[in-house]
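Structure file input_6.cif; described as mmCIF, C-alpha atoms.
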data_target
loop_
_atom_site.label_atom_id
_atom_site.label_comp_id
_atom_site.auth_asym_id
_atom_site.auth_seq_id
_atom_site.Cartn_x
_atom_site.Cartn_y
_atom_site.Cartn_z
CA MET A 86 12.53 -28.10 28.47
CA ALA A 87 9.05 -28.41 26.98
CA ALA A 88 7.77 -25.73 29.33
CA GLU A 89 10.56 -23.36 28.28
CA ALA A 90 9.78 -23.97 24.60
CA ASP A 91 6.10 -23.30 25.25
CA GLN A 92 6.89 -20.02 27.02
CA LEU A 93 9.18 -18.94 24.19
CA LEU A 94 6.55 -19.73 21.54
CA ARG A 95 3.92 -17.94 23.62
CA ARG A 96 6.07 -14.79 23.83
CA VAL A 97 6.59 -14.85 20.06
CA LEU A 98 2.95 -15.38 19.08
CA VAL A 99 1.01 -13.56 21.84
CA PRO A 100 -0.29 -10.95 21.28
CA VAL A 101 1.41 -10.20 17.93
CA LEU A 102 -0.26 -13.01 15.99
CA LEU A 103 -2.72 -14.56 18.42
CA PRO A 104 -4.73 -13.59 21.50
CA GLU A 105 -4.03 -15.65 24.62
CA LYS A 106 -7.21 -17.72 24.30
CA CYS A 107 -6.38 -18.71 20.71
CA TYR A 108 -2.85 -19.68 21.65
CA ASP A 109 -4.26 -22.02 24.30
CA GLN A 110 -6.82 -23.35 21.85
CA LEU A 111 -4.25 -24.16 19.17
CA PHE A 112 -1.07 -25.00 21.08
CA VAL A 113 -2.23 -26.18 24.50
CA GLN A 114 -5.43 -28.02 23.63
CA TRP A 115 -4.01 -28.79 20.13
CA ASP A 116 -7.31 -27.95 18.46
CA LEU A 117 -5.56 -27.20 15.16
CA LEU A 118 -8.82 -27.04 13.21
CA HIS A 119 -10.35 -24.24 15.28
CA VAL A 120 -11.47 -22.04 12.38
CA PRO A 121 -11.96 -18.68 14.19
CA CYS A 122 -8.45 -18.81 15.66
CA LEU A 123 -6.93 -19.99 12.39
CA LYS A 124 -8.55 -17.02 10.63
CA ILE A 125 -7.03 -14.67 13.20
CA LEU A 126 -3.60 -16.25 12.76
CA LEU A 127 -3.85 -16.11 8.96
CA SER A 128 -5.12 -12.53 8.95
CA LYS A 129 -2.47 -11.19 11.31
CA GLY A 130 0.29 -13.15 9.56
CA LEU A 131 -0.74 -11.81 6.15
CA GLY A 132 -1.15 -8.32 7.56
CA LEU A 133 2.34 -8.25 9.03
CA ALA A 134 3.77 -9.75 5.81
CA ILE A 135 2.12 -6.98 3.77
CA VAL A 136 3.44 -4.31 6.14
CA ALA A 137 6.97 -5.76 5.94
CA GLY A 138 6.77 -6.11 2.16
CA SER A 139 5.49 -2.56 1.76
CA LEU A 140 8.92 -1.28 2.80
CA LEU A 141 10.17 -2.32 -0.64
CA VAL A 142 7.05 -2.28 -2.82
CA LYS A 143 7.75 1.03 -4.56
CA LEU A 144 11.53 0.86 -4.31
CA PRO A 145 11.78 -0.72 -7.81
CA GLN A 146 9.74 2.20 -9.16
CA ILE A 147 11.94 4.77 -7.42
CA LEU A 148 15.13 3.06 -8.62
CA LYS A 149 13.78 2.84 -12.17
CA ILE A 150 13.10 6.59 -12.23
CA LEU A 151 16.53 7.39 -10.79
CA GLY A 152 18.29 4.97 -13.14
CA ALA A 153 16.61 6.41 -16.22
CA LYS A 154 16.80 9.99 -14.89
CA SER A 155 13.31 10.26 -16.28
CA ALA A 156 9.70 9.95 -15.14
CA GLU A 157 8.37 9.44 -18.67
CA GLY A 158 5.03 7.65 -18.77
CA LEU A 159 4.20 8.40 -15.13
CA SER A 160 1.16 10.53 -14.34
CA LEU A 161 1.78 13.11 -11.62
CA GLN A 162 -1.96 13.54 -11.09
CA SER A 163 -2.30 9.78 -10.57
CA ALA A 164 0.55 9.74 -8.03
CA VAL A 165 -0.94 12.69 -6.11
CA LEU A 166 -4.38 11.08 -5.96
CA GLU A 167 -2.83 7.84 -4.74
CA LEU A 168 -1.04 9.86 -2.08
CA VAL A 169 -4.36 11.38 -1.01
CA ALA A 170 -5.89 7.90 -0.71
CA LEU A 171 -2.97 6.53 1.30
CA THR A 172 -3.01 9.57 3.58
CA GLY A 173 -6.71 9.08 4.19
CA THR A 174 -6.15 5.46 5.19
CA VAL A 175 -3.33 6.36 7.59
CA VAL A 176 -5.19 9.22 9.28
CA TYR A 177 -8.47 7.26 9.50
CA SER A 178 -6.73 4.20 10.97
CA VAL A 179 -4.84 6.25 13.57
CA ALA A 180 -8.03 8.10 14.54
CA ASN A 181 -9.87 4.80 15.03
CA SER A 182 -6.95 3.08 16.80
CA PHE A 183 -6.88 0.17 14.36
CA LEU A 184 -4.14 -2.43 14.78
CA PHE A 185 -0.97 -1.43 12.91
CA SER A 186 -0.95 -4.81 11.13
CA SER A 187 -4.24 -3.84 9.44
CA TRP A 188 -2.98 -0.60 7.85
CA GLY A 189 0.77 -0.20 8.41
CA GLU A 190 1.69 -0.66 4.77
CA ALA A 191 -0.25 2.52 3.93
CA LEU A 192 2.26 4.50 6.00
CA PHE A 193 5.29 3.12 4.15
CA LEU A 194 3.58 3.36 0.74
CA MET A 195 2.68 6.96 1.57
CA LEU A 196 6.33 7.84 2.21
CA GLN A 197 7.41 6.13 -1.02
CA THR A 198 4.62 7.77 -3.03
CA ILE A 199 5.54 11.27 -1.84
CA THR A 200 9.10 10.48 -2.97
CA ILE A 201 7.82 9.48 -6.41
CA CYS A 202 5.77 12.68 -6.64
CA PHE A 203 8.89 14.73 -5.92
CA LEU A 204 10.99 12.77 -8.43
CA ILE A 205 8.39 13.28 -11.17
CA MET A 206 8.51 17.03 -10.59
CA HIS A 207 12.30 17.03 -10.28
CA PHE A 208 12.86 15.28 -13.60
CA ARG A 209 10.38 17.62 -15.25
CA GLY A 210 12.56 20.53 -14.20
CA GLN A 211 10.26 21.59 -11.36
CA THR A 212 12.49 20.88 -8.34
CA GLY A 213 11.43 24.04 -6.50
CA LYS A 214 7.79 23.19 -7.00
CA GLY A 215 8.49 19.69 -5.73
CA ALA A 216 10.16 21.00 -2.56
CA ALA A 217 7.21 23.31 -1.89
CA PHE A 218 4.84 20.38 -2.43
CA LEU A 219 6.74 18.33 0.18
CA ALA A 220 6.55 21.15 2.73
CA CYS A 221 2.83 21.73 2.20
CA TYR A 222 2.10 18.02 2.41
CA ALA A 223 4.04 17.62 5.68
CA LEU A 224 2.14 20.53 7.23
CA SER A 225 -1.22 19.15 6.06
CA LEU A 226 -0.41 15.72 7.49
CA LEU A 227 0.47 17.19 10.88
CA VAL A 228 -2.86 19.03 10.98
CA LEU A 229 -4.84 15.93 9.98
CA LEU A 230 -3.17 13.81 12.68
CA SER A 231 -3.69 16.44 15.36
CA PRO A 232 -6.72 16.69 17.68
CA LEU A 233 -7.68 19.85 15.78
CA THR A 234 -9.18 17.76 12.97
CA PRO A 235 -12.71 16.45 13.76
CA LEU A 236 -13.37 12.72 13.27
CA ALA A 237 -16.09 13.60 10.75
CA VAL A 238 -13.48 15.25 8.52
CA VAL A 239 -11.18 12.22 8.83
CA THR A 240 -14.05 9.88 7.91
CA LEU A 241 -14.90 12.06 4.91
CA LEU A 242 -11.27 11.91 3.80
CA GLN A 243 -11.34 8.11 4.00
CA ALA A 244 -14.62 8.01 2.08
CA SER A 245 -12.98 10.08 -0.65
CA ASN A 246 -10.44 7.29 -1.15
CA VAL A 247 -12.70 5.43 -3.55
CA PRO A 248 -13.03 8.24 -6.11
CA ALA A 249 -9.37 9.21 -5.54
CA VAL A 250 -8.18 5.66 -6.25
CA VAL A 251 -10.45 5.23 -9.27
CA VAL A 252 -9.60 8.58 -10.88
CA GLY A 253 -5.89 8.21 -10.09
CA LYS A 254 -5.58 4.76 -11.63
CA LEU A 255 -7.71 5.72 -14.63
CA LEU A 256 -5.42 8.71 -15.26
CA GLN A 257 -2.39 6.38 -15.27
CA ALA A 258 -4.24 3.90 -17.49
CA ALA A 259 -5.14 6.73 -19.89
CA THR A 260 -1.50 7.87 -19.94
CA ASN A 261 -0.38 4.32 -20.77
CA TYR A 262 -2.97 4.04 -23.54
CA ARG A 263 -2.11 7.43 -25.01
CA ASN A 264 1.63 6.66 -25.01
CA GLY A 265 1.22 3.12 -26.27
CA HIS A 266 3.62 1.90 -23.55
CA THR A 267 4.02 2.01 -19.77
CA GLY A 268 7.20 4.12 -19.78
CA GLN A 269 9.11 4.05 -16.49
CA LEU A 270 6.27 2.23 -14.70
CA SER A 271 7.79 -0.65 -12.71
CA ALA A 272 6.13 -4.02 -13.39
CA ILE A 273 7.36 -5.35 -10.03
CA THR A 274 5.73 -2.50 -8.15
CA VAL A 275 2.47 -2.82 -10.11
CA PHE A 276 2.09 -6.55 -9.44
CA LEU A 277 3.04 -6.21 -5.77
CA LEU A 278 0.42 -3.49 -5.30
CA PHE A 279 -2.19 -5.67 -7.02
CA GLY A 280 -1.43 -8.69 -4.82
CA GLY A 281 -1.28 -6.59 -1.68
CA SER A 282 -4.64 -4.91 -2.27
CA LEU A 283 -6.30 -8.28 -2.92
CA THR A 284 -4.94 -9.68 0.33
CA ARG A 285 -5.98 -6.57 2.25
CA ILE A 286 -9.66 -7.22 1.45
CA PHE A 287 -9.54 -10.28 3.73
CA THR A 288 -7.35 -8.79 6.45
CA SER A 289 -9.32 -5.53 6.70
CA ILE A 290 -12.59 -7.45 7.13
CA GLN A 291 -11.03 -9.78 9.68
CA GLU A 292 -9.11 -7.22 11.74
CA THR A 293 -11.17 -4.03 11.54
CA GLY A 294 -14.66 -5.12 10.51
CA ASP A 295 -14.90 -1.71 8.85
CA PRO A 296 -16.83 -1.88 5.53
CA LEU A 297 -15.34 1.44 4.43
CA MET A 298 -11.79 0.08 4.73
CA ALA A 299 -12.72 -3.16 2.94
CA GLY A 300 -14.54 -1.28 0.17
CA VAL A 301 -11.48 0.87 -0.54
CA PHE A 302 -9.34 -2.25 -1.00
CA VAL A 303 -11.92 -3.87 -3.30
CA VAL A 304 -11.85 -0.82 -5.54
CA ALA A 305 -8.05 -0.60 -5.30
CA SER A 306 -7.75 -4.25 -6.38
CA LEU A 307 -9.89 -3.65 -9.46
CA CYS A 308 -7.92 -0.55 -10.42
CA ASN A 309 -4.52 -2.12 -9.74
CA GLY A 310 -5.65 -5.10 -11.82
CA LEU A 311 -6.33 -2.76 -14.76
CA ILE A 312 -2.79 -1.31 -14.59
CA ALA A 313 -1.32 -4.81 -14.22
CA ALA A 314 -3.22 -5.91 -17.34
CA GLN A 315 -1.77 -2.95 -19.27
CA VAL A 316 1.76 -3.84 -18.12
CA LEU A 317 1.25 -7.33 -19.57
CA PHE A 318 -0.32 -5.97 -22.76
CA TYR A 319 2.51 -3.49 -23.39
CA TRP A 320 5.22 -5.87 -22.10
CA ASN A 321 7.36 -5.76 -25.24
CA THR A 322 6.60 -2.14 -26.05
CA GLY A 323 8.97 0.52 -24.73
CA PRO A 324 9.41 4.28 -25.03
CA PRO A 325 10.62 5.70 -28.38
CA HIS A 326 14.21 4.91 -29.39
CA LYS A 327 15.17 8.53 -28.90
CA HIS A 328 14.53 8.26 -25.18
CA LYS A 329 16.44 5.00 -24.97
CA LYS A 330 19.51 6.65 -26.49
CA GLU A 331 19.34 9.41 -23.90
CA GLN A 332 19.56 6.80 -21.15
#
Would you give me this structure, written as structure tokens?
Amino acid sequence: MAAEADQLLRRVLVPVLLPEKCYDQLFVQWDLLHVPCLKILLSKGLGLAIVAGSLLVKLPQILKILGAKSAEGLSLQSAVLELVALTGTVVYSVANSFLFSSWGEALFLMLQTITICFLIMHFRGQTGKGAAFLACYALSLLVLLSPLTPLAVVTLLQASNVPAVVVGKLLQAATNYRNGHTGQLSAITVFLLFGGSLTRIFTSIQETGDPLMAGVFVVASLCNGLIAAQVLFYWNTGPPHKHKKEQ
């Protein structure tokens, strides 16, 4: 019975959360204080949790836009730059064969962000422009993921993430400041993005060892923290009453 339980646990944990040698170290030799293996377990567990959570991170934002039938307070330029950054992370990670647990949330956030970009255009009366944007983006993504794109170009795209993230978040912060409120910006989405980017600093260092990946998440954490601070500052301030009546 004990042997069957051990085999079941081994199938669950290896290699998803632990390499074989770490499983033996922790659960056969019962060396539960083996720091290197504990770091691997923590990193992979957090990474998979972030990937799973990313399926819903921007859903509150999407639902808020659809519910209000408005994208007031949202910066299209900020959303597009965030999309560029997420695309860079996905393409760079695929090109370097990084573990999915170290970058998978970027894929799901990318899909949700492109949806938000389209909704912003749609509720501004630019549905045709939004559809064209979707088509052009899909074509560009296919080219970037194909062998036609040199690794140097992919690396350059990833390196551009830092300015893209900074400028994008600053544009949203400027929009919030100019409006005096955060409009249809979802507080749930903002705080989830902030927490996720903080956690990714550790997991990217642990799982990829790539300073470029880690640096992007450090910058993203600082920028997401700025937006989160604005959400708290403008917590009791909403759009003008006229807009509320239209809802």
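Across the structure, atom CA of Phe279 of chain A and atom CA of Asn309 of chain A are spaced 5.0 Å apart.
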*Polymer residues at most 10 Å from segment 132-141 of chain A, all atoms listed in the file, same-chain spacing of 3 or more positions, as a ChimeraX atom specification*: /A:101-102,126-129,144-147,184-197,274,277-278,280-282,284-285,287-289,292
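Nearest to Val113 of chain A of all the residues A:Gln92, A:Ser155, A:Thr198, A:Ser160 is A:Gln92, counting all atoms listed in the file.
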*Work out how far atom CA of Asn246 of chain A is from atom CA of Asn264 of chain A, in Å to one decimal.*
26.7 Å
*For Glu167 of chain A, which residue out of A:Val250, A:Val304, A:Leu98, A:Cys107 is the nearest one, using only C-alpha atoms?*
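Of A:Val250, A:Val304, A:Leu98, A:Cys107, the one nearest Glu167 of chain A is A:Val250, counting only C-alpha atoms.
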*For the structure provided, state which residues fall under the PyMOL selection byres ((chain A and resi 255) around 12), and present them as a PyMOL selection string.*
chain A and resi 160+162-164+166-167+248-254+256-263+304-305+307-312+315
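Proximity to Gly173 of chain A was assessed for A:Thr240, A:Leu227, A:Gly215, A:Gly130 counting all atoms listed in the file; the smallest distance is recorded for A:Thr240.
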Given the file above and the PyMOL selection byres ((chain A and resi 174) around 9), which residues are selected, and can you give them as an mmCIF file with C-alpha atoms, in the frame of the given file?
data_model
loop_
_atom_site.group_PDB
_atom_site.id
_atom_site.type_symbol
_atom_site.label_atom_id
_atom_site.label_comp_id
_atom_site.auth_asym_id
_atom_site.auth_seq_id
_atom_site.Cartn_x
_atom_site.Cartn_y
_atom_site.Cartn_z
ATOM 1 C CA VAL A 169 -4.360 11.380 -1.010
ATOM 2 C CA ALA A 170 -5.890 7.900 -0.710
ATOM 3 C CA LEU A 171 -2.970 6.530 1.300
ATOM 4 C CA THR A 172 -3.010 9.570 3.580
ATOM 5 C CA GLY A 173 -6.710 9.080 4.190
ATOM 6 C CA VAL A 175 -3.330 6.360 7.590
ATOM 7 C CA VAL A 176 -5.190 9.220 9.280
ATOM 8 C CA TYR A 177 -8.470 7.260 9.500
ATOM 9 C CA SER A 178 -6.730 4.200 10.970
ATOM 10 C CA VAL A 179 -4.840 6.250 13.570
ATOM 11 C CA TRP A 188 -2.980 -0.600 7.850
ATOM 12 C CA ALA A 191 -0.250 2.520 3.930
ATOM 13 C CA LEU A 192 2.260 4.500 6.000
ATOM 14 C CA LEU A 242 -11.270 11.910 3.800
ATOM 15 C CA GLN A 243 -11.340 8.110 4.000
ATOM 16 C CA ASN A 246 -10.440 7.290 -1.150
ATOM 17 C CA MET A 298 -11.790 0.080 4.730
#
